[in-house]
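Novice: My file is final24.cif. It has mmCIF, C-alpha atoms:
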```
data_target
loop_
_atom_site.group_PDB
_atom_site.id
_atom_site.type_symbol
_atom_site.label_atom_id
_atom_site.label_comp_id
_atom_site.auth_asym_id
_atom_site.auth_seq_id
_atom_site.Cartn_x
_atom_site.Cartn_y
_atom_site.Cartn_z
ATOM 1 C CA MET A 954 -7.791 1.345 -20.694
ATOM 2 C CA GLU A 955 -9.834 0.836 -17.513
ATOM 3 C CA LYS A 956 -8.780 -2.814 -17.369
ATOM 4 C CA GLN A 957 -5.102 -1.822 -17.648
ATOM 5 C CA VAL A 958 -5.437 0.794 -14.900
ATOM 6 C CA ILE A 959 -7.012 -1.711 -12.506
ATOM 7 C CA GLU A 960 -4.492 -4.400 -13.446
ATOM 8 C CA THR A 961 -1.635 -1.963 -12.766
ATOM 9 C CA TRP A 962 -3.081 -1.172 -9.339
ATOM 10 C CA GLU A 963 -3.530 -4.869 -8.538
ATOM 11 C CA ILE A 964 0.068 -5.690 -9.522
ATOM 12 C CA HIS A 965 1.296 -2.886 -7.280
ATOM 13 C CA HIS A 966 -0.796 -4.267 -4.406
ATOM 14 C CA ARG A 967 0.489 -7.821 -4.892
ATOM 15 C CA ILE A 968 4.043 -6.511 -4.629
ATOM 16 C CA HIS A 969 3.200 -5.205 -1.141
ATOM 17 C CA LEU A 970 1.937 -8.658 -0.189
ATOM 18 C CA TYR A 971 5.023 -10.290 -1.708
ATOM 19 C CA LEU A 972 7.233 -8.085 0.464
ATOM 20 C CA ILE A 973 5.146 -8.617 3.626
ATOM 21 C CA ASP A 974 5.335 -12.379 3.134
ATOM 22 C CA SER A 975 9.137 -12.154 3.095
ATOM 23 C CA ILE A 976 9.418 -10.230 6.368
ATOM 24 C CA LYS A 977 9.648 -12.037 9.673
ATOM 25 C CA GLU A 978 6.933 -11.003 12.125
ATOM 26 C CA GLU A 979 9.502 -9.705 14.620
ATOM 27 C CA HIS A 980 11.044 -7.448 11.958
ATOM 28 C CA LEU A 981 7.853 -5.395 11.655
ATOM 29 C CA THR A 982 9.258 -3.299 14.504
ATOM 30 C CA ASP A 983 12.506 -2.466 12.661
ATOM 31 C CA SER A 984 12.956 1.287 12.266
ATOM 32 C CA LEU A 985 15.544 3.861 11.251
ATOM 33 C CA SER A 986 15.061 6.070 14.296
ATOM 34 C CA SER A 987 13.077 6.260 17.490
ATOM 35 C CA LYS A 988 10.824 8.960 16.024
ATOM 36 C CA GLY A 989 10.163 7.484 12.589
ATOM 37 C CA ARG A 990 7.664 4.828 11.582
ATOM 38 C CA ASN A 991 8.768 1.233 11.881
ATOM 39 C CA VAL A 992 8.194 -1.325 9.111
ATOM 40 C CA GLY A 993 4.722 -2.320 10.316
ATOM 41 C CA GLU A 994 3.720 1.308 10.806
ATOM 42 C CA GLN A 995 4.841 2.115 7.250
ATOM 43 C CA PHE A 996 2.483 -0.532 5.868
ATOM 44 C CA ALA A 997 -0.265 0.671 8.232
ATOM 45 C CA HIS A 998 0.277 4.217 6.948
ATOM 46 C CA ILE A 999 -0.178 3.025 3.370
ATOM 47 C CA HIS A 1000 -3.513 1.440 4.322
ATOM 48 C CA ASN A 1001 -4.625 4.448 6.362
ATOM 49 C CA VAL A 1002 -3.863 6.916 3.554
ATOM 50 C CA ARG A 1003 -5.984 4.784 1.226
ATOM 51 C CA LEU A 1004 -8.826 5.184 3.731
ATOM 52 C CA MET A 1005 -8.252 8.934 3.829
ATOM 53 C CA TRP A 1006 -8.672 9.126 0.048
ATOM 54 C CA LEU A 1007 -11.745 6.905 0.150
ATOM 55 C CA LYS A 1008 -13.322 9.096 2.822
ATOM 56 C CA ALA A 1009 -12.740 12.188 0.688
ATOM 57 C CA ALA A 1010 -13.639 10.749 -2.719
ATOM 58 C CA ALA A 1011 -16.147 7.924 -2.152
ATOM 59 C CA PRO A 1012 -17.098 7.412 1.513
ATOM 60 C CA GLU A 1013 -19.531 4.647 0.570
ATOM 61 C CA LEU A 1014 -16.498 2.480 -0.273
ATOM 62 C CA LEU A 1015 -15.282 2.666 3.342
ATOM 63 C CA GLU A 1016 -17.903 0.236 4.603
ATOM 64 C CA GLY A 1017 -16.242 -2.538 6.603
ATOM 65 C CA LEU A 1018 -12.791 -0.926 6.479
ATOM 66 C CA ASP A 1019 -10.988 0.038 9.655
ATOM 67 C CA LYS A 1020 -7.967 2.215 10.242
ATOM 68 C CA ILE A 1021 -4.926 0.399 11.617
ATOM 69 C CA GLU A 1022 -4.036 1.858 15.005
ATOM 70 C CA LYS A 1023 -0.468 1.124 16.063
ATOM 71 C CA GLU A 1024 -1.541 1.070 19.705
ATOM 72 C CA ASN A 1025 -3.571 -2.080 18.985
ATOM 73 C CA GLY A 1026 -0.579 -3.974 17.618
ATOM 74 C CA ILE A 1027 0.416 -4.587 14.030
ATOM 75 C CA THR A 1028 0.808 -8.110 12.667
ATOM 76 C CA LYS A 1029 1.483 -9.485 9.219
ATOM 77 C CA SER A 1030 -1.978 -11.013 9.212
ATOM 78 C CA LEU A 1031 -3.633 -7.684 10.039
ATOM 79 C CA LEU A 1032 -1.565 -5.865 7.404
ATOM 80 C CA LYS A 1033 -2.346 -8.383 4.664
ATOM 81 C CA LYS A 1034 -6.065 -8.415 5.469
ATOM 82 C CA SER A 1035 -6.346 -4.628 5.765
ATOM 83 C CA LEU A 1036 -4.274 -3.890 2.669
ATOM 84 C CA ALA A 1037 -6.301 -6.409 0.634
ATOM 85 C CA GLN A 1038 -9.539 -4.746 1.713
ATOM 86 C CA SER A 1039 -8.338 -1.211 1.028
ATOM 87 C CA ALA A 1040 -6.784 -2.258 -2.305
ATOM 88 C CA LYS A 1041 -10.148 -3.639 -3.389
ATOM 89 C CA ALA A 1042 -11.847 -0.388 -2.393
ATOM 90 C CA ILE A 1043 -9.238 1.657 -4.293
ATOM 91 C CA SER A 1044 -9.895 -0.569 -7.337
ATOM 92 C CA ALA A 1045 -13.560 0.359 -7.061
ATOM 93 C CA LEU A 1046 -12.631 4.036 -6.703
ATOM 94 C CA LEU A 1047 -10.420 3.835 -9.794
ATOM 95 C CA THR A 1048 -13.168 2.070 -11.753
ATOM 96 C CA GLN A 1049 -15.625 4.772 -10.755
ATOM 97 C CA GLY A 1050 -13.074 7.482 -11.514
ATOM 98 C CA MET A 1051 -12.343 6.069 -14.963
ATOM 99 C CA LYS A 1052 -16.052 6.171 -15.787
ATOM 100 C CA GLU A 1053 -16.461 9.716 -14.473
ATOM 101 C CA GLY A 1054 -13.082 10.926 -15.726
ATOM 102 C CA LYS A 1055 -11.973 12.099 -12.288
ATOM 103 C CA ILE A 1056 -11.482 11.266 -8.633
ATOM 104 C CA LYS A 1057 -13.320 13.657 -6.325
ATOM 105 C CA GLY A 1058 -10.822 15.898 -4.550
ATOM 106 C CA PHE A 1059 -7.898 15.001 -6.832
ATOM 107 C CA LYS A 1060 -6.575 16.784 -9.908
ATOM 108 C CA PRO A 1061 -5.969 16.202 -12.734
ATOM 109 C CA HIS A 1062 -7.782 12.890 -13.436
ATOM 110 C CA ALA A 1063 -8.207 9.226 -12.466
ATOM 111 C CA VAL A 1064 -5.059 7.992 -14.206
ATOM 112 C CA GLY A 1065 -3.107 10.767 -12.483
ATOM 113 C CA PHE A 1066 -4.515 9.509 -9.179
ATOM 114 C CA LEU A 1067 -3.209 6.026 -9.953
ATOM 115 C CA GLY A 1068 0.257 7.481 -10.545
ATOM 116 C CA TYR A 1069 0.038 9.548 -7.377
ATOM 117 C CA ILE A 1070 -1.036 6.715 -5.081
ATOM 118 C CA ILE A 1071 1.484 4.245 -6.508
ATOM 119 C CA SER A 1072 4.236 6.862 -6.118
ATOM 120 C CA HIS A 1073 3.248 7.534 -2.513
ATOM 121 C CA GLU A 1074 3.103 3.872 -1.593
ATOM 122 C CA SER A 1075 6.330 3.034 -3.413
ATOM 123 C CA HIS A 1076 8.106 5.793 -1.488
ATOM 124 C CA HIS A 1077 7.065 4.062 1.729
ATOM 125 C CA ARG A 1078 8.011 0.658 0.342
ATOM 126 C CA GLY A 1079 11.503 2.077 -0.230
ATOM 127 C CA GLN A 1080 11.562 3.300 3.360
ATOM 128 C CA ILE A 1081 10.547 -0.196 4.484
ATOM 129 C CA MET A 1082 13.401 -1.747 2.516
ATOM 130 C CA LEU A 1083 15.836 0.772 4.032
ATOM 131 C CA CYS A 1084 14.528 0.154 7.583
ATOM 132 C CA LEU A 1085 15.049 -3.563 7.135
ATOM 133 C CA LYS A 1086 18.536 -3.110 5.693
ATOM 134 C CA GLN A 1087 19.692 -0.629 8.327
ATOM 135 C CA SER A 1088 18.305 -2.877 11.081
ATOM 136 C CA GLY A 1089 20.383 -5.790 9.837
ATOM 137 C CA HIS A 1090 17.472 -7.659 8.229
ATOM 138 C CA PRO A 1091 17.701 -6.816 4.525
ATOM 139 C CA ALA A 1092 15.362 -8.428 2.052
ATOM 140 C CA ASP A 1093 17.173 -11.218 0.276
ATOM 141 C CA LYS A 1094 18.151 -10.629 -3.342
ATOM 142 C CA LYS A 1095 15.235 -12.682 -4.673
ATOM 143 C CA ILE A 1096 12.787 -10.336 -2.926
ATOM 144 C CA ALA A 1097 14.747 -7.149 -3.679
ATOM 145 C CA TYR A 1098 14.674 -7.972 -7.399
ATOM 146 C CA GLY A 1099 11.241 -9.578 -7.234
ATOM 147 C CA ILE A 1100 9.478 -6.348 -6.301
ATOM 148 C CA TRP A 1101 10.418 -5.075 -9.766
ATOM 149 C CA GLU A 1102 9.045 -8.099 -11.649
ATOM 150 C CA TRP A 1103 5.713 -6.554 -12.586
ATOM 151 C CA GLY A 1104 5.200 -9.084 -15.367
ATOM 152 C CA THR A 1105 5.072 -11.981 -12.911
ATOM 153 C CA ARG A 1106 3.424 -10.415 -9.867
#
```
Using structure tokens, write down the structure that the file contains.

Specialist:
Amino acid sequence: MEKQVIETWEIHHRIHLYLIDSIKEEHLTDSLSSKGRNVGEQFAHIHNVRLMWLKAAAPELLEGLDKIEKENGITKSLLKKSLAQSAKAISALLTQGMKEGKIKGFKPHAVGFLGYIISHESHHRGQIMLCLKQSGHPADKKIAYGIWEWGTR
């Protein structure tokens, strides 16, 4: 079961990378409104929330990980690097949580945490897709369908 949990998390992460690869650098600033997060900020938020959970549940896994500050500029390269690092740390947290039966600070259990974090991140991925569409830069059909191809990602 642990292997399947980690594999599920890794597939989910690769779908983020698949989507980032399809977005033009200049479209990272697409947004729905002047007050909401733009595309790049949505991805940064995903990474930063991962760090928040790591800080609460296993601060030792934060070593070498930095929060993405929008004031410093957000690039595809930074997003891919940061998300890869935080995904690896979340894998370690899930592995630890599967052994212990729980994630510190989260109820009910480690598998529930996997569902929670994937749900949260997928919500933001949907917002990203909507931002791109409403800004006139929709993901092409290959990408839009590809994010649902869990068996090949």

Novice: Between CA of Gly1058 in chain A and CA of Leu1015 in chain A, what is the distance in Å, rounded to a tenth?

Specialist: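 It comes out at 16.0 Å.
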
Novice: Per residue of range 1032-1063 of chain A within 8 Å of range 990-1010 of chain A, what are the shortest atom pair and its distance in Å to one decimal, counting all atoms listed in the file, with rows by chain and residue number, as JSON lines?

Specialist:
```
{"residue": "A:Leu1032", "atom": "CA", "partner": "A:Ala997", "partner_atom": "CA", "distance": 6.7}
{"residue": "A:Ser1035", "atom": "CA", "partner": "A:His1000", "partner_atom": "CA", "distance": 6.9}
{"residue": "A:Leu1036", "atom": "CA", "partner": "A:His1000", "partner_atom": "CA", "distance": 5.6}
{"residue": "A:Ser1039", "atom": "CA", "partner": "A:His1000", "partner_atom": "CA", "distance": 6.4}
{"residue": "A:Ala1040", "atom": "CA", "partner": "A:Arg1003", "partner_atom": "CA", "distance": 7.9}
{"residue": "A:Ala1042", "atom": "CA", "partner": "A:Leu1007", "partner_atom": "CA", "distance": 7.7}
{"residue": "A:Ile1043", "atom": "CA", "partner": "A:Arg1003", "partner_atom": "CA", "distance": 7.1}
{"residue": "A:Leu1046", "atom": "CA", "partner": "A:Leu1007", "partner_atom": "CA", "distance": 7.5}
{"residue": "A:Ile1056", "atom": "CA", "partner": "A:Ala1010", "partner_atom": "CA", "distance": 6.3}
{"residue": "A:Lys1057", "atom": "CA", "partner": "A:Ala1010", "partner_atom": "CA", "distance": 4.6}
{"residue": "A:Gly1058", "atom": "CA", "partner": "A:Ala1010", "partner_atom": "CA", "distance": 6.1}
```

Novice: Take the PyMOL selection byres ((chain A and resi 1072-1088) around 8), apply it to the structure above, and return the hits as a VMD selection string.

Specialist: chain A and resid 969 980 983 to 985 991 to 992 995 to 996 999 1068 to 1071 1089 to 1092

Novice: Please produce a file of the residues just selected, as an mmCIF file, in the coordinates of the input, where the atoms kept are C-alpha atoms.

Specialist:
```cif
data_model
loop_
_atom_site.group_PDB
_atom_site.id
_atom_site.type_symbol
_atom_site.label_atom_id
_atom_site.label_comp_id
_atom_site.auth_asym_id
_atom_site.auth_seq_id
_atom_site.Cartn_x
_atom_site.Cartn_y
_atom_site.Cartn_z
ATOM 1 C CA HIS A 969 3.200 -5.205 -1.141
ATOM 2 C CA HIS A 980 11.044 -7.448 11.958
ATOM 3 C CA ASP A 983 12.506 -2.466 12.661
ATOM 4 C CA SER A 984 12.956 1.287 12.266
ATOM 5 C CA LEU A 985 15.544 3.861 11.251
ATOM 6 C CA ASN A 991 8.768 1.233 11.881
ATOM 7 C CA VAL A 992 8.194 -1.325 9.111
ATOM 8 C CA GLN A 995 4.841 2.115 7.250
ATOM 9 C CA PHE A 996 2.483 -0.532 5.868
ATOM 10 C CA ILE A 999 -0.178 3.025 3.370
ATOM 11 C CA GLY A 1068 0.257 7.481 -10.545
ATOM 12 C CA TYR A 1069 0.038 9.548 -7.377
ATOM 13 C CA ILE A 1070 -1.036 6.715 -5.081
ATOM 14 C CA ILE A 1071 1.484 4.245 -6.508
ATOM 15 C CA GLY A 1089 20.383 -5.790 9.837
ATOM 16 C CA HIS A 1090 17.472 -7.659 8.229
ATOM 17 C CA PRO A 1091 17.701 -6.816 4.525
ATOM 18 C CA ALA A 1092 15.362 -8.428 2.052
#
```

Novice: One number please: CA of Asn1025 in chain A to CA of Thr982 in chain A, in Å, one decimal.

Specialist: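 Answer for the CA of Asn1025 in chain A to CA of Thr982 in chain A separation: 13.6 Å.
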
Novice: Using all atoms listed in the file, which residue out of A:Leu972, A:Gln957, A:Phe1066, A:Ala1037 lies closest to Gly1054 in chain A?

Specialist: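 Distance minimum relative to Gly1054 in chain A lands on A:Phe1066.
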
Novice: Counting all atoms listed in the file, which of A:Lys1060, A:Ala1097, A:Lys1034, A:Leu1047 gets nearest to Thr961 in chain A?

Specialist: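 Comparing A:Lys1060, A:Ala1097, A:Lys1034, A:Leu1047 against Thr961 in chain A, the winner is A:Leu1047.
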
Novice: Run through the PyMOL selection byres ((chain A and resi 968) around 9) on the given coordinates and return the selected residues as a PyMOL selection string.

Specialist: chain A and resi 963-967+969-973+1099-1103+1106

Novice: Taking all atoms of range 1024-1029 of chain A that appear in the file, build a box with edges along x, y and z, extend it by 8 Å on every side, and state its centre and edge lengths in Å to one decimal, as JSON.

Specialist:
```
{"center_x": -1.0, "center_y": -4.2, "center_z": 14.5, "size_x": 21.1, "size_y": 26.6, "size_z": 26.5}
```

Novice: Pick out the residues sitting within 12 Å of Glu955 in chain A, and hand them over as a list of chain:residue names; count all atoms listed in the file, and ignore anything fewer than 2 positions along from it in its own chain.

Specialist: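 The residues satisfying every condition are A:Gln957, A:Val958, A:Ile959, A:Glu960, A:Thr961, A:Trp962, A:Ser1044, A:Ala1045, A:Leu1046, A:Leu1047, A:Thr1048, A:Gln1049, A:Gly1050, A:Met1051, A:Lys1052, A:Glu1053, A:Gly1054, A:Ala1063, A:Val1064, A:Leu1067.
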
Novice: At what distance in Å, to one decimal, does CA of Leu1018 in chain A lie from CA of Pro1061 in chain A?

Specialist: 26.6 Å

Novice: Which residue gives the smallest distance to Glu978 in chain A among A:Lys956, A:Lys1029, A:Lys1095, A:Lys1020, with all atoms listed in the file counted?

Specialist: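 Looking at the shortest contact to Glu978 in chain A, the residue is A:Lys1029.
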
Novice: Which of these, A:Asp974, A:Ser987, A:Glu1016, A:Thr1105, has the shortest distance to Thr1028 in chain A once you count all atoms listed in the file?

Specialist: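 Of A:Asp974, A:Ser987, A:Glu1016, A:Thr1105, the one nearest Thr1028 in chain A is A:Asp974, counting all atoms listed in the file.
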
Novice: Please output range 1050-1066 of chain A, rebuilt to include N, CA and C atoms, as a PDB file, in the coordinates of the input.

Specialist:
```
ATOM      1  N   GLY A1050     -13.761   6.306 -10.997  1.00  0.00           N
ATOM      2  CA  GLY A1050     -13.074   7.482 -11.514  1.00  0.00           C
ATOM      3  C   GLY A1050     -12.816   7.418 -13.008  1.00  0.00           C
ATOM      4  N   MET A1051     -12.548   6.223 -13.523  1.00  0.00           N
ATOM      5  CA  MET A1051     -12.343   6.069 -14.963  1.00  0.00           C
ATOM      6  C   MET A1051     -13.640   6.346 -15.719  1.00  0.00           C
ATOM      7  N   LYS A1052     -14.749   5.924 -15.139  1.00  0.00           N
ATOM      8  CA  LYS A1052     -16.052   6.171 -15.787  1.00  0.00           C
ATOM      9  C   LYS A1052     -16.405   7.657 -15.767  1.00  0.00           C
ATOM     10  N   GLU A1053     -16.117   8.304 -14.642  1.00  0.00           N
ATOM     11  CA  GLU A1053     -16.461   9.716 -14.473  1.00  0.00           C
ATOM     12  C   GLU A1053     -15.380  10.654 -15.007  1.00  0.00           C
ATOM     13  N   GLY A1054     -14.184  10.112 -15.228  1.00  0.00           N
ATOM     14  CA  GLY A1054     -13.082  10.926 -15.726  1.00  0.00           C
ATOM     15  C   GLY A1054     -12.297  11.629 -14.637  1.00  0.00           C
ATOM     16  N   LYS A1055     -12.684  11.420 -13.370  1.00  0.00           N
ATOM     17  CA  LYS A1055     -11.973  12.099 -12.288  1.00  0.00           C
ATOM     18  C   LYS A1055     -12.196  11.370 -10.967  1.00  0.00           C
ATOM     19  N   ILE A1056     -11.353  11.707 -10.012  1.00  0.00           N
ATOM     20  CA  ILE A1056     -11.482  11.266  -8.633  1.00  0.00           C
ATOM     21  C   ILE A1056     -11.815  12.520  -7.838  1.00  0.00           C
ATOM     22  N   LYS A1057     -12.911  12.492  -7.114  1.00  0.00           N
ATOM     23  CA  LYS A1057     -13.320  13.657  -6.325  1.00  0.00           C
ATOM     24  C   LYS A1057     -12.186  14.073  -5.391  1.00  0.00           C
ATOM     25  N   GLY A1058     -11.855  15.356  -5.430  1.00  0.00           N
ATOM     26  CA  GLY A1058     -10.822  15.898  -4.550  1.00  0.00           C
ATOM     27  C   GLY A1058      -9.402  15.751  -5.064  1.00  0.00           C
ATOM     28  N   PHE A1059      -9.229  15.183  -6.273  1.00  0.00           N
ATOM     29  CA  PHE A1059      -7.898  15.001  -6.832  1.00  0.00           C
ATOM     30  C   PHE A1059      -7.849  15.578  -8.234  1.00  0.00           C
ATOM     31  N   LYS A1060      -6.792  16.283  -8.548  1.00  0.00           N
ATOM     32  CA  LYS A1060      -6.575  16.784  -9.908  1.00  0.00           C
ATOM     33  C   LYS A1060      -5.267  16.198 -10.396  1.00  0.00           C
ATOM     34  N   PRO A1061      -5.125  15.820 -11.631  1.00  0.00           N
ATOM     35  CA  PRO A1061      -5.969  16.202 -12.734  1.00  0.00           C
ATOM     36  C   PRO A1061      -7.079  15.194 -13.074  1.00  0.00           C
ATOM     37  N   HIS A1062      -6.816  13.885 -12.969  1.00  0.00           N
ATOM     38  CA  HIS A1062      -7.782  12.890 -13.436  1.00  0.00           C
ATOM     39  C   HIS A1062      -7.509  11.547 -12.774  1.00  0.00           C
ATOM     40  N   ALA A1063      -8.301  10.545 -13.112  1.00  0.00           N
ATOM     41  CA  ALA A1063      -8.207   9.226 -12.466  1.00  0.00           C
ATOM     42  C   ALA A1063      -6.865   8.538 -12.719  1.00  0.00           C
ATOM     43  N   VAL A1064      -6.345   8.624 -13.919  1.00  0.00           N
ATOM     44  CA  VAL A1064      -5.059   7.992 -14.206  1.00  0.00           C
ATOM     45  C   VAL A1064      -3.942   8.710 -13.431  1.00  0.00           C
ATOM     46  N   GLY A1065      -4.053  10.015 -13.303  1.00  0.00           N
ATOM     47  CA  GLY A1065      -3.107  10.767 -12.483  1.00  0.00           C
ATOM     48  C   GLY A1065      -3.159  10.316 -11.031  1.00  0.00           C
ATOM     49  N   PHE A1066      -4.365  10.011 -10.547  1.00  0.00           N
ATOM     50  CA  PHE A1066      -4.515   9.509  -9.179  1.00  0.00           C
ATOM     51  C   PHE A1066      -3.799   8.174  -9.015  1.00  0.00           C
TER      52      PHE A1066
END
```
